[in-house]
>>> print(open('start-v4.cif').read())   # mmCIF, C-alpha atoms
data_data
loop_
_atom_site.label_atom_id
_atom_site.label_comp_id
_atom_site.auth_asym_id
_atom_site.auth_seq_id
_atom_site.Cartn_x
_atom_site.Cartn_y
_atom_site.Cartn_z
CA MET A 44 2.40 -20.90 -9.82
CA PRO A 45 3.87 -21.63 -6.37
CA PRO A 46 2.68 -19.60 -3.40
CA PRO A 47 4.81 -16.54 -2.65
CA ASP A 48 6.71 -18.04 0.28
CA GLU A 49 8.06 -20.93 -1.76
CA GLY A 50 10.38 -18.58 -3.59
CA PRO A 51 10.99 -14.90 -4.32
CA PRO A 52 8.03 -13.10 -5.92
CA ALA A 53 8.36 -12.52 -9.65
CA TRP A 54 8.43 -8.75 -9.19
CA THR A 55 11.69 -8.96 -7.19
CA THR A 56 13.63 -10.19 -10.22
CA PRO A 57 15.52 -7.68 -12.40
CA ARG A 58 13.38 -8.56 -15.43
CA ARG A 59 10.15 -7.73 -13.63
CA ARG A 60 11.54 -4.65 -11.89
CA GLY A 61 12.41 -3.17 -15.25
CA LYS A 62 8.76 -3.12 -16.26
CA ALA A 63 6.25 -0.49 -15.25
CA ALA A 64 3.87 -1.77 -12.63
CA ALA A 65 0.20 -1.78 -13.66
CA VAL A 66 -2.91 -1.82 -11.54
CA GLY A 67 -3.49 -5.48 -12.30
CA LEU A 68 -6.35 -7.87 -11.80
CA ASP A 69 -4.81 -11.19 -12.74
CA SER A 70 -1.61 -13.16 -12.24
CA PRO A 71 1.55 -11.00 -12.41
CA ASP A 72 3.08 -13.67 -14.64
CA LYS A 73 0.58 -12.89 -17.36
CA ALA A 74 1.17 -10.07 -19.79
CA VAL A 75 0.45 -6.77 -18.05
CA PRO A 76 0.24 -3.66 -20.23
CA ARG A 77 3.03 -1.18 -19.79
CA GLN A 78 2.23 2.27 -18.50
CA GLY A 79 0.92 4.33 -21.36
CA GLN A 80 0.01 1.28 -23.45
CA GLU A 81 -3.64 1.73 -22.61
CA GLY A 82 -3.55 5.34 -23.72
CA SER A 83 -4.21 8.67 -22.10
CA ALA A 84 -7.39 9.71 -20.33
CA ARG A 85 -10.44 10.57 -22.37
CA GLN A 86 -13.71 11.61 -20.81
CA LEU A 87 -16.86 9.61 -21.46
CA GLN A 88 -20.24 11.26 -21.29
CA VAL A 89 -22.23 10.11 -18.28
CA ASN A 90 -25.45 9.78 -20.22
CA VAL A 91 -24.15 7.57 -23.04
CA ASN A 92 -24.88 3.86 -23.35
CA TYR A 93 -22.04 1.79 -21.88
CA GLN A 94 -21.63 -0.16 -25.12
CA ASP A 95 -21.19 3.14 -26.94
CA ALA A 96 -18.77 4.17 -24.20
CA LEU A 97 -16.67 1.06 -24.79
CA GLY A 98 -16.53 1.87 -28.48
CA MET A 99 -15.36 5.38 -27.71
CA MET A 100 -12.73 4.04 -25.34
CA ALA A 101 -11.50 1.55 -27.94
CA GLN A 102 -10.68 4.44 -30.26
CA SER A 103 -8.44 6.01 -27.61
CA TYR A 104 -6.91 2.86 -26.10
CA SER A 105 -4.71 0.37 -27.88
CA ILE A 106 -6.17 -2.40 -25.70
CA ARG A 107 -9.94 -2.63 -25.82
CA PRO A 108 -11.77 -2.34 -22.48
CA ILE A 109 -13.86 -5.33 -21.42
CA SER A 110 -16.49 -3.39 -19.51
CA ALA A 111 -17.37 -0.01 -18.07
CA GLN A 112 -19.70 0.45 -15.12
CA THR A 113 -20.53 2.92 -12.42
CA LEU A 114 -18.71 2.62 -9.13
CA GLU A 115 -21.99 1.73 -7.42
CA ASN A 116 -22.47 -1.27 -9.73
CA PHE A 117 -18.82 -2.26 -9.42
CA LEU A 118 -19.14 -2.44 -5.63
CA VAL A 119 -22.15 -4.75 -5.83
CA VAL A 120 -20.08 -7.61 -7.29
CA HIS A 121 -16.58 -6.67 -6.10
CA PRO A 122 -16.17 -6.66 -2.29
CA LEU A 123 -13.34 -4.35 -1.27
CA MET A 124 -12.28 -5.95 2.01
CA HIS A 125 -12.59 -9.06 4.12
CA THR A 126 -11.62 -10.40 7.54
CA LYS A 127 -8.57 -12.51 8.34
CA ARG A 128 -8.00 -14.41 11.60
CA PRO A 129 -4.25 -15.02 11.94
CA PHE A 130 -2.96 -18.29 13.39
CA GLY A 131 -6.48 -19.66 13.75
CA SER A 132 -7.20 -17.16 16.53
CA ALA A 133 -10.37 -15.23 17.32
CA ILE A 134 -8.65 -11.92 16.47
CA SER A 135 -10.24 -10.22 13.46
CA ILE A 136 -8.05 -8.12 11.19
CA GLN A 137 -9.58 -6.22 8.29
CA VAL A 138 -7.71 -6.62 5.00
CA MET A 139 -8.25 -5.17 1.54
CA LYS A 140 -9.13 -7.71 -1.12
CA ALA A 141 -7.33 -7.49 -4.46
CA ASN A 142 -10.20 -5.48 -5.97
CA GLY A 143 -10.01 -3.08 -3.05
CA ARG A 144 -6.29 -2.51 -3.54
CA PHE A 145 -6.60 -2.10 -7.29
CA LEU A 146 -9.48 0.35 -6.96
CA LEU A 147 -7.54 2.69 -4.67
CA LEU A 148 -4.45 2.41 -6.85
CA ALA A 149 -6.55 3.26 -9.91
CA VAL A 150 -8.07 6.25 -8.09
CA MET A 151 -4.66 7.63 -7.21
CA ASP A 152 -3.32 6.99 -10.71
CA GLU A 153 -6.25 8.83 -12.31
CA ILE A 154 -6.03 11.86 -10.04
CA LEU A 155 -2.30 12.28 -10.46
CA GLU A 156 -2.27 11.53 -14.18
CA GLN A 157 -4.89 14.19 -14.84
CA HIS A 158 -3.17 16.74 -12.62
CA SER A 159 0.03 16.20 -14.59
CA GLU A 160 -1.93 17.54 -17.57
CA ASN A 161 -3.42 20.40 -15.52
CA ILE A 162 -6.82 18.70 -15.39
CA CYS A 163 -8.56 18.86 -12.03
CA TRP A 164 -11.93 18.87 -10.31
CA ASP A 165 -11.01 20.98 -7.27
CA GLY A 166 -12.65 18.45 -4.94
CA THR A 167 -16.10 18.70 -6.54
CA PHE A 168 -16.58 15.15 -7.90
CA SER A 169 -18.89 12.60 -6.26
CA ILE A 170 -19.43 8.83 -6.21
CA ALA A 171 -21.99 9.20 -9.00
CA ASP A 172 -19.26 10.66 -11.25
CA ILE A 173 -16.99 7.60 -11.01
CA LEU A 174 -16.76 5.14 -13.90
CA ILE A 175 -14.76 1.92 -13.57
CA VAL A 176 -13.23 0.72 -16.83
CA LYS A 177 -12.07 -2.89 -16.75
CA TYR A 178 -9.43 -4.42 -19.00
CA LYS A 179 -8.27 -8.01 -19.20
CA HIS A 180 -5.53 -7.51 -16.62
CA SER A 181 -6.23 -4.13 -15.06
CA ILE A 182 -8.79 -1.49 -14.19
CA LYS A 183 -8.87 2.27 -14.60
CA MET A 184 -11.03 4.82 -12.84
CA LYS A 185 -12.48 7.73 -14.77
CA ILE A 186 -14.13 10.81 -13.32
CA GLN A 187 -17.10 11.65 -15.55
CA LYS A 188 -17.46 15.27 -14.55
CA GLU A 189 -16.45 18.43 -16.35
CA PRO A 190 -13.02 19.46 -15.08
CA VAL A 191 -12.61 22.76 -13.29
CA LYS A 192 -10.36 25.34 -14.91
CA VAL A 193 -7.90 26.92 -12.49
CA GLU A 194 -5.26 29.51 -13.22
CA GLY A 195 -1.85 29.96 -11.61
CA ARG A 196 0.52 27.56 -9.89
CA ALA A 197 -0.75 28.25 -6.37
CA ARG A 198 -4.36 27.65 -7.38
CA GLN A 199 -3.45 24.42 -9.23
CA LEU A 200 -1.68 23.07 -6.16
CA GLN A 201 -4.67 23.88 -3.97
CA ALA A 202 -6.96 22.08 -6.43
CA LYS A 203 -4.69 19.04 -6.18
CA VAL A 204 -4.96 19.16 -2.39
CA ASN A 205 -8.74 19.41 -2.66
CA ASP A 206 -8.96 16.42 -5.01
CA LEU A 207 -6.80 14.27 -2.70
CA ARG A 208 -8.90 15.23 0.30
CA ARG A 209 -12.00 14.38 -1.71
CA VAL A 210 -10.56 10.92 -2.38
CA ALA A 211 -10.22 10.42 1.38
CA ALA A 212 -13.78 11.61 2.01
CA LEU A 213 -15.40 9.48 -0.73
CA PHE A 214 -13.38 6.29 -0.94
CA ILE A 215 -11.98 5.48 2.50
CA PRO A 216 -15.45 5.03 4.10
CA LEU A 217 -16.19 2.33 1.51
CA TYR A 218 -13.64 0.10 3.27
CA LYS A 219 -15.13 0.22 6.78
CA ASN A 220 -16.70 -2.92 8.19
CA SER A 221 -19.96 -2.90 10.16
CA ASN A 222 -18.06 -1.73 13.24
CA GLY A 223 -16.37 1.12 11.39
CA VAL A 224 -12.95 -0.62 11.35
CA LEU A 225 -10.64 -0.03 8.38
CA PRO A 226 -8.10 -2.47 6.86
CA VAL A 227 -4.53 -2.26 8.17
CA PHE A 228 -2.70 0.99 7.40
CA LEU A 229 -5.76 2.54 5.71
CA ASP A 230 -6.41 4.94 8.58
CA LYS A 231 -2.88 6.26 8.03
CA LEU A 232 -3.51 6.77 4.31
CA LYS A 233 -6.71 8.64 5.21
CA GLU A 234 -4.71 10.85 7.56
CA ASP A 235 -2.02 11.50 4.95
CA LEU A 236 -4.59 12.47 2.32
CA GLU A 237 -6.51 14.73 4.70
CA GLU A 238 -3.35 16.47 5.89
CA ALA A 239 -1.94 17.10 2.41
CA THR A 240 -0.90 20.71 1.84
CA THR A 241 0.13 22.75 -1.18
CA GLY A 242 3.71 22.58 0.06
CA LEU A 243 3.62 18.79 0.24
CA VAL A 244 1.84 17.97 -3.04
CA GLU A 245 4.46 19.79 -5.10
CA LYS A 246 7.15 17.51 -3.63
CA LYS A 247 7.95 14.44 -5.72
CA TRP A 248 8.78 12.35 -2.65
CA PHE A 249 5.37 12.98 -1.10
CA MET A 250 3.49 11.95 -4.23
CA GLU A 251 5.65 8.80 -4.46
CA TYR A 252 4.76 8.08 -0.85
CA LEU A 253 1.03 8.41 -1.56
CA THR A 254 0.96 6.43 -4.80
CA HIS A 255 2.85 3.53 -3.18
CA HIS A 256 1.39 3.85 0.29
CA VAL A 257 1.78 0.68 2.35
CA ALA A 258 -2.01 0.62 2.82
CA MET A 259 -2.44 -0.20 -0.88
CA MET A 260 0.55 -2.52 -1.26
CA PRO A 261 0.37 -6.31 -0.87
CA THR A 262 1.71 -8.21 2.12
CA THR A 263 4.29 -9.83 -0.17
CA GLY A 264 5.77 -6.43 -1.05
CA ARG A 265 5.78 -5.15 2.52
CA ARG A 266 7.41 -8.35 3.81
CA TYR A 267 10.10 -8.20 1.14
CA PHE A 268 10.89 -4.57 1.97
CA GLU A 269 11.16 -5.17 5.72
CA ILE A 270 13.49 -8.15 5.38
CA ALA A 271 15.68 -6.54 2.69
CA LEU A 272 16.06 -3.33 4.67
CA ILE A 273 17.53 -4.92 7.77
CA SER A 274 19.61 -7.43 5.83
CA GLU A 275 21.67 -5.06 3.70
CA TYR A 276 21.37 -1.41 4.62
CA LEU A 277 22.00 -0.88 8.30
CA GLY A 278 25.22 1.06 7.74
CA ILE A 279 23.72 3.43 5.17
CA LEU A 280 20.74 4.17 7.39
CA ARG A 281 22.69 4.59 10.62
CA SER A 282 21.28 8.02 11.56
CA ILE A 283 17.70 6.77 11.16
CA MET A 284 18.31 3.34 12.60
CA LEU A 285 19.73 4.65 15.86
CA SER A 286 16.76 6.94 16.51
CA LYS A 287 13.64 5.86 18.37
CA PRO A 288 10.57 5.02 16.27
CA SER A 289 8.51 8.21 16.13
CA ALA A 290 5.27 6.22 16.40
CA TYR A 291 6.46 4.56 19.62
CA PRO A 292 8.53 7.11 21.57
CA ASN A 293 7.97 5.25 24.86
CA SER A 294 9.48 2.05 23.44
CA TRP A 295 7.92 -0.49 21.13
CA LYS A 296 8.94 -3.18 23.61
CA THR A 297 5.99 -2.28 25.84
CA ILE A 298 3.64 -3.54 23.12
CA VAL A 299 5.60 -6.76 22.72
CA LYS A 300 5.72 -7.52 26.43
CA SER A 301 1.99 -6.87 26.80
CA THR A 302 1.26 -9.95 24.68
CA LYS A 303 2.66 -12.34 27.28
CA ASN A 304 -0.76 -13.45 28.56
CA GLY A 305 -2.76 -12.74 25.40
CA SER A 306 -4.44 -15.16 23.02
CA ILE A 307 -1.43 -14.79 20.67
CA THR A 308 1.94 -14.89 22.44
CA LEU A 309 3.98 -14.88 19.22
CA LEU A 310 5.66 -11.50 19.76
CA HIS A 311 6.51 -12.24 23.38
CA ASP A 312 7.91 -15.67 22.51
CA VAL A 313 10.08 -14.41 19.62
CA TYR A 314 11.34 -11.51 21.74
CA TYR A 315 12.51 -13.72 24.60
CA HIS A 316 13.85 -16.53 22.44
CA ASP A 317 17.56 -16.73 23.26
CA ASN A 318 17.18 -13.31 24.92
CA PRO A 319 17.03 -13.71 28.70
CA CYS A 320 17.68 -9.97 29.31
CA THR A 321 19.75 -10.50 32.45
CA ALA A 322 22.34 -8.22 34.05
CA GLU A 323 25.04 -10.44 32.62
CA ARG A 324 23.48 -10.51 29.18
CA PRO A 325 21.72 -7.31 28.09
CA ASP A 326 18.65 -7.23 25.85
CA LYS A 327 19.71 -8.01 22.28
CA TYR A 328 17.05 -5.66 20.93
CA GLU A 329 17.58 -1.92 21.15
CA SER A 330 14.69 0.50 21.68
CA THR A 331 15.63 2.10 18.35
CA VAL A 332 14.31 1.79 14.81
CA ARG A 333 17.07 -0.74 14.20
CA GLY A 334 15.96 -2.81 17.17
CA LEU A 335 12.34 -2.89 16.02
CA ILE A 336 13.25 -3.81 12.44
CA ARG A 337 15.52 -6.61 13.68
CA PHE A 338 12.71 -7.88 15.85
CA MET A 339 10.21 -7.73 12.98
CA ARG A 340 12.61 -9.61 10.71
CA ASN A 341 12.93 -12.36 13.32
CA VAL A 342 9.15 -12.58 13.56
CA LEU A 343 8.85 -12.82 9.78
CA GLU A 344 11.62 -15.40 9.38
CA HIS A 345 11.22 -17.49 12.54
CA GLY A 346 7.65 -16.88 13.66
CA LYS A 347 6.55 -20.32 12.48
CA ARG A 348 8.42 -21.81 15.42
CA HIS A 349 6.23 -19.94 17.88
CA ALA A 350 2.75 -19.92 16.33
CA LEU A 351 0.45 -22.07 14.24
CA VAL A 352 1.14 -20.36 10.94
CA SER A 353 -0.67 -21.56 7.84
CA HIS A 354 0.88 -18.93 5.54
CA ASN A 355 3.68 -16.40 5.85
CA TYR A 356 1.32 -13.50 5.16
CA GLU A 357 -0.16 -14.02 8.63
CA LEU A 358 3.11 -12.95 10.23
CA GLU A 359 3.38 -9.72 8.23
CA LEU A 360 -0.30 -8.96 8.70
CA TYR A 361 -0.11 -9.43 12.46
CA LEU A 362 2.92 -7.13 12.68
CA ALA A 363 1.08 -4.51 10.61
CA TRP A 364 -1.87 -4.75 12.99
CA MET A 365 0.29 -4.51 16.12
CA PHE A 366 2.58 -1.72 14.82
CA PRO A 367 0.36 0.26 12.41
CA GLY A 368 2.33 3.51 12.68
CA PHE A 369 5.82 2.16 12.11
CA LEU A 370 6.15 1.20 8.43
CA PRO A 371 4.26 4.22 7.01
CA GLY A 372 6.40 6.55 9.11
CA LEU A 373 9.63 4.85 8.09
CA MET A 374 8.70 4.90 4.40
CA ARG A 375 7.86 8.58 4.61
CA THR A 376 11.17 9.42 6.31
CA LEU A 377 13.25 7.45 3.80
CA LEU A 378 11.54 9.16 0.86
CA GLN A 379 11.60 12.64 2.37
CA GLN A 380 15.33 12.44 3.06
CA GLY A 381 16.09 11.07 -0.41
CA ILE A 382 17.53 7.86 1.01
CA MET A 383 15.05 5.61 -0.75
CA THR A 384 16.00 6.68 -4.26
CA LYS A 385 19.70 7.29 -3.57
CA HIS A 386 20.68 4.22 -1.55
CA LEU A 387 17.75 1.79 -1.70
CA GLU A 388 16.92 1.98 -5.39
CA ASP A 389 16.72 -1.80 -5.99
CA VAL A 390 14.62 -2.45 -2.90
CA TRP A 391 12.34 0.50 -3.67
CA SER A 392 11.90 -0.56 -7.32
CA ALA A 393 10.95 -4.08 -6.30
CA PHE A 394 8.54 -2.78 -3.67
CA LYS A 395 6.82 -0.50 -6.20
CA ALA A 396 6.54 -3.32 -8.75
CA SER A 397 4.78 -5.49 -6.18
CA LYS A 398 1.62 -3.37 -6.39
CA SER A 399 0.50 -5.41 -9.43
CA ASP A 400 0.74 -8.66 -7.47
CA GLY A 401 -2.63 -10.31 -8.07
CA TRP A 402 -1.54 -13.47 -6.25
CA ASP A 403 -0.98 -11.86 -2.88
CA PRO A 404 -2.55 -14.58 -0.69
CA CYS A 405 -3.81 -12.11 1.89
CA SER A 406 -5.94 -10.36 -0.72
CA ILE A 407 -7.58 -13.51 -2.06
#
>>> encode(input="start-v4.cif", output="structure tokens")
Amino acid sequence: MPPPDEGPPAWTTPRRRGKAAAVGLDSPDKAVPRQGQEGSARQLQVNVNYQDALGMMAQSYSIRPISAQTLENFLVVHPLMHTKRPFGSAISIQVMKANGRFLLLAVMDEILEQHSENICWDGTFSIADILIVKYKHSIKMKIQKEPVKVEGRARQLQAKVNDLRRVAALFIPLYKNSNGVLPVFLDKLKEDLEEATTGLVEKKWFMEYLTHHVAMMPTTGRRYFEIALISEYLGILRSIMLSKPSAYPNSWKTIVKSTKNGSITLLHDVYYHDNPCTAERPDKYESTVRGLIRFMRNVLEHGKRHALVSHNYELELYLAWMFPGFLPGLMRTLLQQGIMTKHLEDVWSAFKASKSDGWDPCSI
């Protein structure tokens, strides 16, 4: 299979977009079970033998699990994150490995699937309660603790909030390096989980935002979204595009210009390429959302002219590291205002399908 930048990823094609994205472990070109094909959740007793557990699971799942192990044992042999140094520089950027992405996706899927059936734990589960069930092409996370019974809509919503906050408290720290640094965008996911409210969790757009948070999505999917957005939808998004990025109210250009004398001058060089910013010729980049997206697209598409790039993922990763608040905020706004599902359906569908991309080069 060719690397992602030699052609469009498989999940951007109509055939792939029509399929439900799974939390995959292997190549996206291999058969990935459709949602629901592996069955609904069934609790396993914590004190049973794992071989017996697999037999129990096989009765409930149409595809037999390969293994089941505690989260502690899973972490011993499956590192969740690693360090990337873009453009051969000394800059260290923390990135989730494929197993790290798939674990968080499985966690979110389990929590939300169980809450859809009014099953919850009200924030009382612990690391010791987590069982990782591995299939040929995917993993599932099971909480091996007796669910808490709650009555009434308000109480159910609060239990959902408590479970999401518990996810932040238990899982996000697992991704910190020795210096306490998290992979790109993960601090924003932590913030979004911790700040969830009963009013937010009953909104479909907010749950879509969490389950496809950019922190858990591959660089291939994020890059595709950023380029597609600026290429085709400027007119539709005019009201958003002409506003200033909320994460950078004092102008994103300050960040770009500060890289002039740094170890990586990529952003500065792309910004000033054919852009002298003289009185006779104004700056071609606005201080708006549109200006930043146009700049990011130029970095993604032409950055190889200005830096020693070994793979396209380095460009997207570096932008994510330099502008960590921009893409999550934009995604949230587009979903909250209904623009994503009303006007950007194809782009959004392709982005969501990318979560099963096991060939994302940044995660390998």
>>> resolve_selection(input="start-v4.cif", expression="the PyMOL selection byres ((chain A and resi 264) around 9)", output="ChimeraX atom specification")
/A:52,54-55,257,260-263,265-269,393-398,400,403
>>> residues_around(input="start-v4.cif", residues="stretch 141-154 of chain A", least_positions_apart="6", cutoff="8 Å", atoms="only C-alpha atoms", output="number ranges by chain")
A: 66-68, 121-124, 163, 182-185, 206-207, 210, 214, 218, 254, 259-260, 401, 403, 406-407
>>> resolve_selection(input="start-v4.cif", expression="the PyMOL selection byres ((chain A and resi 349-364) around 9)", output="number ranges by chain")
A: 47-48, 127-131, 136, 138, 227-228, 262-263, 265-266, 307-310, 312-313, 339, 342-348, 365-370, 403-405
>>> closest_residue(input="start-v4.cif", among="A:Val390, A:Thr297, A:Pro292, A:Met284", to="A:Thr376", atoms="all atoms listed in the file")
A:Met284
>>> residues_near_point(input="start-v4.cif", point="(16.7, 6.0, 17.7)", cutoff="9 Å", atoms="only C-alpha atoms", output="tab-separated table (two decimals) with C-alpha atoms, in the frame of the given file")
chain	number	residue	atom	x	y	z
A	282	SER	CA	21.28	8.02	11.56
A	283	ILE	CA	17.70	6.77	11.16
A	284	MET	CA	18.31	3.34	12.60
A	285	LEU	CA	19.73	4.65	15.86
A	286	SER	CA	16.76	6.94	16.51
A	287	LYS	CA	13.64	5.86	18.37
A	288	PRO	CA	10.57	5.02	16.27
A	289	SER	CA	8.51	8.21	16.13
A	329	GLU	CA	17.58	-1.92	21.15
A	330	SER	CA	14.69	0.50	21.68
A	331	THR	CA	15.63	2.10	18.35
A	332	VAL	CA	14.31	1.79	14.81
A	333	ARG	CA	17.07	-0.74	14.20
A	334	GLY	CA	15.96	-2.81	17.17
>>> resolve_selection(input="start-v4.cif", expression="the PyMOL selection byres ((chain A and resi 244) around 12)", output="PyMOL selection string")
chain A and resi 155+158-159+196-197+199-208+235-243+245-254
>>> atom_distance(input="start-v4.cif", atom1="atom CA of A:Gln137", atom2="atom CA of A:Lys231")
14.2 Å
>>> atom_distance(input="start-v4.cif", atom1="atom CA of A:Val176", atom2="atom CA of A:Lys140")
18.3 Å
>>> atom_distance(input="start-v4.cif", atom1="atom CA of A:His311", atom2="atom CA of A:Asp326")
13.4 Å
>>> decode(input="start-v4.cif", residues="stretch 118-140 of chain A", atoms="N, CA and C atoms", output="JSON list (two decimals), in the first residue's frame")
[["chain", "number", "residue", "atom", "x", "y", "z"],
["A", 118, "LEU", "N", -0.92, -2.16, 28.72],
["A", 118, "LEU", "CA", 0.03, -1.05, 28.65],
["A", 118, "LEU", "C", 1.47, -1.52, 28.67],
["A", 119, "VAL", "N", 1.73, -2.68, 29.24],
["A", 119, "VAL", "CA", 3.10, -3.19, 29.31],
["A", 119, "VAL", "C", 3.67, -3.42, 27.92],
["A", 120, "VAL", "N", 2.85, -3.91, 27.00],
["A", 120, "VAL", "CA", 3.34, -4.28, 25.67],
["A", 120, "VAL", "C", 2.84, -3.36, 24.57],
["A", 121, "HIS", "N", 2.02, -2.36, 24.93],
["A", 121, "HIS", "CA", 1.48, -1.45, 23.92],
["A", 121, "HIS", "C", 1.73, -0.01, 24.34],
["A", 122, "PRO", "N", 2.87, 0.57, 23.99],
["A", 122, "PRO", "CA", 3.13, 1.98, 24.30],
["A", 122, "PRO", "C", 2.07, 2.87, 23.67],
["A", 123, "LEU", "N", 1.65, 3.89, 24.38],
["A", 123, "LEU", "CA", 0.56, 4.75, 23.91],
["A", 123, "LEU", "C", 1.04, 5.96, 23.14],
["A", 124, "MET", "N", 2.27, 6.38, 23.35],
["A", 124, "MET", "CA", 2.76, 7.58, 22.67],
["A", 124, "MET", "C", 4.25, 7.47, 22.42],
["A", 125, "HIS", "N", 4.73, 8.32, 21.53],
["A", 125, "HIS", "CA", 6.15, 8.39, 21.23],
["A", 125, "HIS", "C", 6.51, 9.82, 20.81],
["A", 126, "THR", "N", 7.78, 10.04, 20.56],
["A", 126, "THR", "CA", 8.28, 11.38, 20.24],
["A", 126, "THR", "C", 8.63, 11.48, 18.77],
["A", 127, "LYS", "N", 8.23, 12.56, 18.14],
["A", 127, "LYS", "CA", 8.61, 12.85, 16.76],
["A", 127, "LYS", "C", 9.43, 14.14, 16.74],
["A", 128, "ARG", "N", 10.42, 14.18, 15.86],
["A", 128, "ARG", "CA", 11.26, 15.38, 15.68],
["A", 128, "ARG", "C", 11.12, 15.83, 14.23],
["A", 129, "PRO", "N", 10.22, 16.77, 13.97],
["A", 129, "PRO", "CA", 9.94, 17.17, 12.58],
["A", 129, "PRO", "C", 11.14, 17.81, 11.90],
["A", 130, "PHE", "N", 11.30, 17.50, 10.63],
["A", 130, "PHE", "CA", 12.31, 18.10, 9.76],
["A", 130, "PHE", "C", 13.74, 17.85, 10.26],
["A", 131, "GLY", "N", 13.92, 16.77, 11.01],
["A", 131, "GLY", "CA", 15.25, 16.46, 11.51],
["A", 131, "GLY", "C", 15.75, 17.43, 12.55],
["A", 132, "SER", "N", 14.84, 18.17, 13.18],
["A", 132, "SER", "CA", 15.22, 19.19, 14.16],
["A", 132, "SER", "C", 15.37, 18.58, 15.55],
["A", 133, "ALA", "N", 15.75, 19.41, 16.50],
["A", 133, "ALA", "CA", 15.86, 18.97, 17.90],
["A", 133, "ALA", "C", 14.55, 19.15, 18.65],
["A", 134, "ILE", "N", 13.53, 19.69, 18.00],
["A", 134, "ILE", "CA", 12.23, 19.91, 18.64],
["A", 134, "ILE", "C", 11.52, 18.58, 18.85],
["A", 135, "SER", "N", 11.06, 18.34, 20.07],
["A", 135, "SER", "CA", 10.36, 17.10, 20.40],
["A", 135, "SER", "C", 8.87, 17.35, 20.49],
["A", 136, "ILE", "N", 8.09, 16.60, 19.72],
["A", 136, "ILE", "CA", 6.64, 16.71, 19.76],
["A", 136, "ILE", "C", 6.08, 15.34, 20.12],
["A", 137, "GLN", "N", 5.25, 15.32, 21.16],
["A", 137, "GLN", "CA", 4.66, 14.06, 21.61],
["A", 137, "GLN", "C", 3.46, 13.71, 20.74],
["A", 138, "VAL", "N", 3.41, 12.45, 20.31],
["A", 138, "VAL", "CA", 2.37, 11.99, 19.40],
["A", 138, "VAL", "C", 1.81, 10.66, 19.89],
["A", 139, "MET", "N", 0.51, 10.48, 19.78],
["A", 139, "MET", "CA", -0.08, 9.19, 20.13],
["A", 139, "MET", "C", 0.27, 8.14, 19.08],
["A", 140, "LYS", "N", 0.69, 6.98, 19.55],
["A", 140, "LYS", "CA", 0.85, 5.84, 18.65],
["A", 140, "LYS", "C", -0.53, 5.31, 18.28]]
